[in-house]
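Trainee: This is the structure I have questions about; it appears just below.
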Amino acid sequence: MSVEVLQIAEIPVSFTSEIDLKKIISADKFESYQLFRLNLEAHKLSLLPAFDTLLALNLSRGIVPFEHQINSVKKLLGRFRGRGMLCDEVGLGKTIEASLAMLELITRGLIKRILILVPPSLVEQWKEETFFKFNLEFITSDDKEFKSHGSGAWGKFDRIIASIHTAKKSPHADAIKQEDFDLIIIDEAHHLKNANTVGWKFINSLKKKYIFLLTATPVQNNLEELFNLVTLVYPGELGTLKSFKKNFISAGDRLTPKNYEQLRSLLGELIIRNRRATSDVKFTRRFAKTIRIQLSEKEKALYESVSDVVRSQYKGSPQQVKMALRILQEEIGSIPPAAVSTIESLKDKLPDGALIDGLIEQCNHITFSEKIKVLIDVIHKTPGKVIVFTKFRASHAVITAVLEKHGIRYSPLHGGLTRHEKEKSIKEFQNVSKALVATDVGSEGRNLQFCNHIINFDLPWNPMKIEQRIGRISRIGQEKEVHVTNLSAKDTIEDHILYLLDAKINMFELVIGEIDVILGRLDEETDFETLIMDTWTKSPDMKQFESEIAQLGEDLLAAKQKYSTLKDTEDKIFGDQFNTTASEKTASEGAEDEYRDS
Amino acid sequence: MSTAILEKFLIDYVEANEGEAEPIDAGTYTILYGSEPAIKTVTFEIEVAKENNQVELFLPGSIFFDAVIRDAMAKGGMCATYLSGFQAVTKVIQSESMRTFSFADHGKDGAKKVEPKMPSFQPYNFRIWTFVFKVRVTTDIIEDHLYTVSIDARTLKAIKNFTEYLNKYQHLPYYEETIPHYHPQDFQKSYQSALDYVKQKLTNLIARKKQEAAAMKLKETERIKKYYDTLNEEMEEALGKKAGDHEAVVEIQSKQKAILVQRQSALGDIEFRYKMSAGMSLVSVLVTNYPCYISKASVPSTMQPSGYDIIWNPLFRRFEPLTCPTCKNQSYTLHFLRTGIRCQNCFKNS
């Protein structure tokens, strides 16, 4: 293949010939006309169509995007030319839209270097979604391999998902600013509502060709926030802040726009916002039930002993020990055998080894679990299939052993299985088993909507993880009502988390994604599980902990109410003007017909 | 993209690989082809493929589609065809030529129609070279084009829509009888003509894309400049107001510096986004051979006796006009004068 560079209209055009012209001159054998025709048609079909034909649709796995999602991608890439804000209401699949648009740009060869910046709690979720649904592999800023390269990692890898909190800090921020990214995606972009923050300034300084901002709540407290977000994508499109305030914000009410038509027309070129009311997304109803279990005396004593050790040792311990103590506290909330290995591993790490010996001794005396008994009872009473979720492999082993003993046919799903084994297990569950016993890691990326009942044998402290479990069955394609049964032992941390999430804010009936928005209003820097652990270890006794949790409950309720008010305000500002119900005309439409030029 | 185009393409592909395609449902086929044939179920319906992972999806972007396209593009790069089936009856052509061409002898006795001496028409091989070029222009979007250029090897002129026209005829792998070439086989000149032709097309395309990108770039650059200039003016105004407040002045000046950096960064983004690149490749070549019928006629004029090749082109179903030696235009009528040979136009004007 020969390569030369031609100068055409002052642009260097690389010219390659896939044909050896010398061979043509001396050739005594040519291929047939039929093959020429086929070759010509193949080349015509290989021409990139305009963005009204999305190639990515045929590459995604296990998802059939909704019409509003397809239209959003067409609009984002076509009319907005790859720079815009996806502001769909919660639950309409902004992640799907952004990932589809990203895959489309990759397929067309328009992008190579991608940076996805998200809150820390969503890093793994993005990695999972992009891999399982779009076959795109990313490295995350939490991965060991990434960390091993220090701040040089930002230039080394082409596809990165990172916590925005990590990225904006030194030395990472300076390293990232040196890089040219083809695409930057920012999830939960409302965290950048304030232009005076390090985060906003950091994003504003990044070099990028395309940028997608994702948020369900582009306006939270005032219209300035909207201005700041728009300015990250299209600096100057809304003028300066001073002129924006003068032209578009009503005096005395920073949430009410003036010159509304003009503002709406400007935003129409930047924002996509689909609403549930006008989309074709419909979910079946969800019902949650919590069974509070009275632990046996021995179990209760062990739980208290473990909690005492955790409380007394947590403060002042090195980070690694703190992490182990937190895991221990979570494990003991699942089932005692789950904690044994962590307890043993702590023996050399804690100053007083006798404490650990005592815990091991207590563990050895527990041969019966009230929780397991309830679990068997619930499974027997559930008419159809059921998924039992647990956080820990040790709990998984106990549960499966007991199910076997009771003659309940089950299929296992955990991170230790190969991909093939997982597929086999799910198929078996779908066809013959009564129960699927799954860990959170094992069930990543799996759609299990043929089942409509899950049992949370134990409860993740991170509400997003709880939501992910529900999302395995409460998704498109689910035709029945969804039932969630939570098992929690009385007076444990999980018991209190359930009080907050279920009794206080009715989380199990919220739309998937809303819990994140509500929690996001609590504290932007601290994640929920850290908040719980801090409250637990700082409370000298149960009474104090209960009082702190009660306060947190009030804060959560206030956040939920504020979110509800905010939705009304945003409806007022955006209405149905930014829906993508109609097909989008794209910038390069018509170009594909030119292949007939001859 | 219509799935009918894809269905036709897949069936053609299977047939070219000596296989079979059979419809089993709307938009779904079973196919069997290749050296180690195995039955494959293929669909053009995305829902069908999502429901059954044993069914191959055949739509742009799908793995099977890409594999077939790649295979089809790997073959058929250097092809030849021989057109046949024109069923030319030389006697009919001969009598038709007498009606088409007209020769007038302008001697002393005035104008007189001259009957040329025309031996019987014989077949000669003519050639048309078709070159397919693929062009990609990239800015913040990509535009792909396929240019198919057909060059008449005799005249070195481009023939419009030749590949569309070609489908009407019967194609053979070679002539059944030996037919002599009518004109020299200078491939290089044909190739050069095709290249010049496509370069011209590309010049127009790039100029259009440049203009488009420049307009977008200008619009965005102006917006960015206006934004940061206004921001800076606002800062200057604030500086004026806070002239005596040292701390405030330092803070505003630091903001001004930041604005300058942001301005550069935003302008850099625009450059990055609209940077244009272009690439072109020659992807296939087809040589079309077809027999034209030629009579080497002589015109017995009293003024200037001349010889002419009367050419019947069965592909375009017409006689080729003769070239006027005076104006070089094409004509079916020639006037023989003492001062020279002229076409009808030149004759009228003289």
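Identifiers in the structure tokens: chain A, B, ... in order shown; residue index from 1 per chain; ligand index from 1 in order shown.
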Going by DSSP on the backbone, which bits of region 330-565 of chain A are strand (DSSP E or B)? Write them as a ChimeraX atom specification, please.
Mentor: /A:386-390,410-413,435-439,453-456,482-489
Trainee: Okay, now the selection with N, CA and C atoms, as a PDB file, in the first residue's frame?
Mentor:
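Below is the file that was written, again.pdb:
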```
ATOM      1  N   VAL A 386     -37.131 -16.323  43.925  1.00  0.00           N
ATOM      2  CA  VAL A 386     -36.668 -15.272  44.827  1.00  0.00           C
ATOM      3  C   VAL A 386     -35.144 -15.137  44.748  1.00  0.00           C
ATOM      4  N   ILE A 387     -34.695 -13.887  44.824  1.00  0.00           N
ATOM      5  CA  ILE A 387     -33.233 -13.655  44.844  1.00  0.00           C
ATOM      6  C   ILE A 387     -32.841 -13.250  46.260  1.00  0.00           C
ATOM      7  N   VAL A 388     -31.870 -13.955  46.817  1.00  0.00           N
ATOM      8  CA  VAL A 388     -31.381 -13.616  48.151  1.00  0.00           C
ATOM      9  C   VAL A 388     -30.051 -12.888  47.979  1.00  0.00           C
ATOM     10  N   PHE A 389     -30.008 -11.653  48.432  1.00  0.00           N
ATOM     11  CA  PHE A 389     -28.765 -10.878  48.307  1.00  0.00           C
ATOM     12  C   PHE A 389     -28.007 -10.865  49.630  1.00  0.00           C
ATOM     13  N   THR A 390     -26.715 -11.074  49.523  1.00  0.00           N
ATOM     14  CA  THR A 390     -25.862 -10.877  50.696  1.00  0.00           C
ATOM     15  C   THR A 390     -24.595 -10.173  50.255  1.00  0.00           C
ATOM     16  N   TYR A 410     -31.420 -24.107  44.647  1.00  0.00           N
ATOM     17  CA  TYR A 410     -30.876 -22.756  44.483  1.00  0.00           C
ATOM     18  C   TYR A 410     -29.786 -22.748  43.412  1.00  0.00           C
ATOM     19  N   SER A 411     -29.513 -21.543  42.932  1.00  0.00           N
ATOM     20  CA  SER A 411     -28.363 -21.349  42.043  1.00  0.00           C
ATOM     21  C   SER A 411     -27.467 -20.284  42.661  1.00  0.00           C
ATOM     22  N   PRO A 412     -26.156 -20.506  42.650  1.00  0.00           N
ATOM     23  CA  PRO A 412     -25.263 -19.515  43.276  1.00  0.00           C
ATOM     24  C   PRO A 412     -24.800 -18.455  42.272  1.00  0.00           C
ATOM     25  N   LEU A 413     -24.538 -17.283  42.766  1.00  0.00           N
ATOM     26  CA  LEU A 413     -23.979 -16.213  41.916  1.00  0.00           C
ATOM     27  C   LEU A 413     -23.055 -15.360  42.784  1.00  0.00           C
ATOM     28  N   ALA A 435     -34.432 -20.403  44.154  1.00  0.00           N
ATOM     29  CA  ALA A 435     -33.737 -19.212  44.656  1.00  0.00           C
ATOM     30  C   ALA A 435     -32.396 -18.995  43.947  1.00  0.00           C
ATOM     31  N   LEU A 436     -32.046 -17.719  43.860  1.00  0.00           N
ATOM     32  CA  LEU A 436     -30.702 -17.350  43.412  1.00  0.00           C
ATOM     33  C   LEU A 436     -30.041 -16.680  44.603  1.00  0.00           C
ATOM     34  N   VAL A 437     -28.924 -17.237  45.027  1.00  0.00           N
ATOM     35  CA  VAL A 437     -28.226 -16.620  46.161  1.00  0.00           C
ATOM     36  C   VAL A 437     -27.060 -15.826  45.577  1.00  0.00           C
ATOM     37  N   ALA A 438     -27.152 -14.521  45.712  1.00  0.00           N
ATOM     38  CA  ALA A 438     -26.201 -13.665  44.985  1.00  0.00           C
ATOM     39  C   ALA A 438     -25.477 -12.690  45.905  1.00  0.00           C
ATOM     40  N   THR A 439     -24.215 -12.472  45.602  1.00  0.00           N
ATOM     41  CA  THR A 439     -23.508 -11.371  46.256  1.00  0.00           C
ATOM     42  C   THR A 439     -23.622 -10.153  45.340  1.00  0.00           C
ATOM     43  N   HIS A 453     -39.062 -10.863  43.160  1.00  0.00           N
ATOM     44  CA  HIS A 453     -38.956 -10.792  44.619  1.00  0.00           C
ATOM     45  C   HIS A 453     -37.492 -10.885  45.048  1.00  0.00           C
ATOM     46  N   ILE A 454     -37.054  -9.907  45.815  1.00  0.00           N
ATOM     47  CA  ILE A 454     -35.695 -10.028  46.377  1.00  0.00           C
ATOM     48  C   ILE A 454     -35.760  -9.983  47.901  1.00  0.00           C
ATOM     49  N   ILE A 455     -34.813 -10.684  48.482  1.00  0.00           N
ATOM     50  CA  ILE A 455     -34.676 -10.642  49.945  1.00  0.00           C
ATOM     51  C   ILE A 455     -33.290 -10.077  50.239  1.00  0.00           C
ATOM     52  N   ASN A 456     -33.261  -9.013  50.991  1.00  0.00           N
ATOM     53  CA  ASN A 456     -31.971  -8.484  51.436  1.00  0.00           C
ATOM     54  C   ASN A 456     -31.617  -9.184  52.738  1.00  0.00           C
ATOM     55  N   VAL A 482     -43.030  -5.480  42.102  1.00  0.00           N
ATOM     56  CA  VAL A 482     -41.747  -5.887  42.676  1.00  0.00           C
ATOM     57  C   VAL A 482     -41.848  -5.902  44.204  1.00  0.00           C
ATOM     58  N   HIS A 483     -41.360  -6.972  44.808  1.00  0.00           N
ATOM     59  CA  HIS A 483     -41.396  -7.076  46.276  1.00  0.00           C
ATOM     60  C   HIS A 483     -39.977  -7.147  46.827  1.00  0.00           C
ATOM     61  N   VAL A 484     -39.745  -6.340  47.854  1.00  0.00           N
ATOM     62  CA  VAL A 484     -38.437  -6.343  48.513  1.00  0.00           C
ATOM     63  C   VAL A 484     -38.659  -6.688  49.977  1.00  0.00           C
ATOM     64  N   THR A 485     -37.987  -7.724  50.436  1.00  0.00           N
ATOM     65  CA  THR A 485     -38.085  -8.073  51.863  1.00  0.00           C
ATOM     66  C   THR A 485     -36.722  -7.846  52.505  1.00  0.00           C
ATOM     67  N   ASN A 486     -36.694  -7.024  53.521  1.00  0.00           N
ATOM     68  CA  ASN A 486     -35.437  -6.741  54.225  1.00  0.00           C
ATOM     69  C   ASN A 486     -35.413  -7.495  55.548  1.00  0.00           C
ATOM     70  N   LEU A 487     -34.328  -8.198  55.785  1.00  0.00           N
ATOM     71  CA  LEU A 487     -34.179  -8.862  57.072  1.00  0.00           C
ATOM     72  C   LEU A 487     -33.194  -8.040  57.897  1.00  0.00           C
ATOM     73  N   SER A 488     -33.627  -7.626  59.081  1.00  0.00           N
ATOM     74  CA  SER A 488     -32.658  -6.900  59.915  1.00  0.00           C
ATOM     75  C   SER A 488     -32.828  -7.295  61.372  1.00  0.00           C
ATOM     76  N   ALA A 489     -31.707  -7.452  62.013  1.00  0.00           N
ATOM     77  CA  ALA A 489     -31.737  -7.796  63.426  1.00  0.00           C
ATOM     78  C   ALA A 489     -31.970  -6.522  64.224  1.00  0.00           C
TER      79      ALA A 489
END
```
Trainee: Would you list which chain B residues are within 6 Å of chain A using only C-alpha atoms, as a PyMOL selection string?
Mentor: chain B and resi 60-62+69+72-73+76+78-81+144-149+160-161+203+223-224+227+273+278-283
Trainee: I need the residues from that last selection saved to file as a short mmCIF file (atom, residue, chain, number, x, y, z; two decimals), in the first residue's frame (with N, CA and C atoms), if you can.
Mentor:
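Saved result, part_30.cif, follows:
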```cif
data_model
loop_
_atom_site.label_atom_id
_atom_site.label_comp_id
_atom_site.auth_asym_id
_atom_site.auth_seq_id
_atom_site.Cartn_x
_atom_site.Cartn_y
_atom_site.Cartn_z
N PRO B 60 -25.54 -1.87 10.47
CA PRO B 60 -24.27 -1.16 10.66
C PRO B 60 -23.88 -1.11 12.13
N GLY B 61 -22.66 -1.44 12.42
CA GLY B 61 -22.17 -1.42 13.79
C GLY B 61 -22.15 -2.81 14.40
N SER B 62 -22.97 -3.75 13.90
CA SER B 62 -22.98 -5.09 14.50
C SER B 62 -21.73 -5.86 14.05
N ILE B 69 -18.72 -6.89 5.75
CA ILE B 69 -18.27 -5.71 5.01
C ILE B 69 -16.75 -5.78 4.78
N ALA B 72 -16.03 -8.35 2.13
CA ALA B 72 -16.42 -7.89 0.80
C ALA B 72 -15.44 -6.84 0.29
N MET B 73 -14.93 -6.02 1.19
CA MET B 73 -14.00 -4.96 0.77
C MET B 73 -12.61 -5.52 0.47
N GLY B 76 -12.37 -8.01 -4.78
CA GLY B 76 -12.92 -7.14 -5.82
C GLY B 76 -12.22 -5.82 -5.98
N MET B 78 -9.43 -5.34 -7.88
CA MET B 78 -8.90 -5.23 -9.25
C MET B 78 -9.73 -6.15 -10.13
N CYS B 79 -10.67 -5.58 -10.85
CA CYS B 79 -11.63 -6.41 -11.59
C CYS B 79 -11.68 -6.05 -13.07
N ALA B 80 -12.14 -7.02 -13.84
CA ALA B 80 -12.32 -6.77 -15.27
C ALA B 80 -13.64 -7.39 -15.70
N THR B 81 -14.27 -6.74 -16.67
CA THR B 81 -15.48 -7.32 -17.21
C THR B 81 -15.52 -7.12 -18.72
N ASP B 144 -17.84 11.21 5.18
CA ASP B 144 -17.29 10.21 4.27
C ASP B 144 -17.91 10.37 2.89
N HIS B 145 -17.11 10.18 1.89
CA HIS B 145 -17.63 10.23 0.51
C HIS B 145 -16.97 9.13 -0.30
N LEU B 146 -17.73 8.64 -1.27
CA LEU B 146 -17.18 7.66 -2.18
C LEU B 146 -17.30 8.24 -3.59
N TYR B 147 -16.19 8.41 -4.26
CA TYR B 147 -16.23 8.95 -5.62
C TYR B 147 -15.91 7.83 -6.60
N THR B 148 -16.83 7.62 -7.54
CA THR B 148 -16.61 6.61 -8.56
C THR B 148 -16.38 7.34 -9.88
N VAL B 149 -15.18 7.19 -10.40
CA VAL B 149 -14.81 7.95 -11.60
C VAL B 149 -14.54 6.99 -12.75
N LYS B 160 -20.20 10.09 -16.99
CA LYS B 160 -21.06 10.24 -15.80
C LYS B 160 -21.89 8.99 -15.55
N ASN B 161 -22.05 8.65 -14.30
CA ASN B 161 -22.92 7.55 -13.87
C ASN B 161 -22.68 6.24 -14.60
N THR B 203 -11.21 19.20 -3.84
CA THR B 203 -10.95 20.63 -3.62
C THR B 203 -12.25 21.34 -3.26
N ARG B 223 -17.89 34.70 20.28
CA ARG B 223 -18.63 34.60 21.52
C ARG B 223 -17.67 34.53 22.73
N ILE B 224 -16.65 33.70 22.56
CA ILE B 224 -15.68 33.53 23.66
C ILE B 224 -14.97 34.86 23.94
N TYR B 227 -17.24 37.34 25.55
CA TYR B 227 -17.51 36.97 26.94
C TYR B 227 -16.36 37.37 27.86
N ARG B 273 -11.09 21.55 18.39
CA ARG B 273 -12.35 20.98 17.91
C ARG B 273 -12.48 21.05 16.40
N ALA B 278 -7.91 15.37 6.35
CA ALA B 278 -8.59 14.68 5.26
C ALA B 278 -7.73 13.54 4.75
N GLY B 279 -8.37 12.52 4.28
CA GLY B 279 -7.66 11.37 3.74
C GLY B 279 -8.41 10.81 2.55
N MET B 280 -7.66 10.28 1.60
CA MET B 280 -8.29 9.73 0.41
C MET B 280 -7.60 8.41 0.09
N SER B 281 -8.37 7.44 -0.37
CA SER B 281 -7.71 6.20 -0.78
C SER B 281 -8.38 5.65 -2.02
N LEU B 282 -7.57 5.03 -2.86
CA LEU B 282 -8.09 4.34 -4.04
C LEU B 282 -8.45 2.94 -3.58
N VAL B 283 -9.74 2.58 -3.66
CA VAL B 283 -10.14 1.30 -3.08
C VAL B 283 -10.40 0.19 -4.11
#
```
Trainee: Which of region 84-289 of chain A end up as alpha helix (DSSP H) when DSSP is run on this backbone - answer as number ranges by chain?
Mentor: A: 94-107, 123-134, 144-148, 153-156, 164-167, 172-177, 198-204, 223-233, 241-248, 260-267
Trainee: For Lys245 (chain A), find every residue with an atom within 12 Å (counting only C-alpha atoms), except residues of its own chain fewer than 3 positions away, and show them as a VMD selection string.
Mentor: chain A and resid 222 to 228 238 to 242 248 to 259 263
Trainee: From the set B:Tyr274, B:Tyr13, B:Tyr124, B:Phe101, which residue has the shortest atom-to-atom contact distance to Ala215 (chain B), counting only C-alpha atoms?
Mentor: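 Between B:Tyr274, B:Tyr13, B:Tyr124, B:Phe101, the residue approaching Ala215 (chain B) most closely is B:Tyr274.
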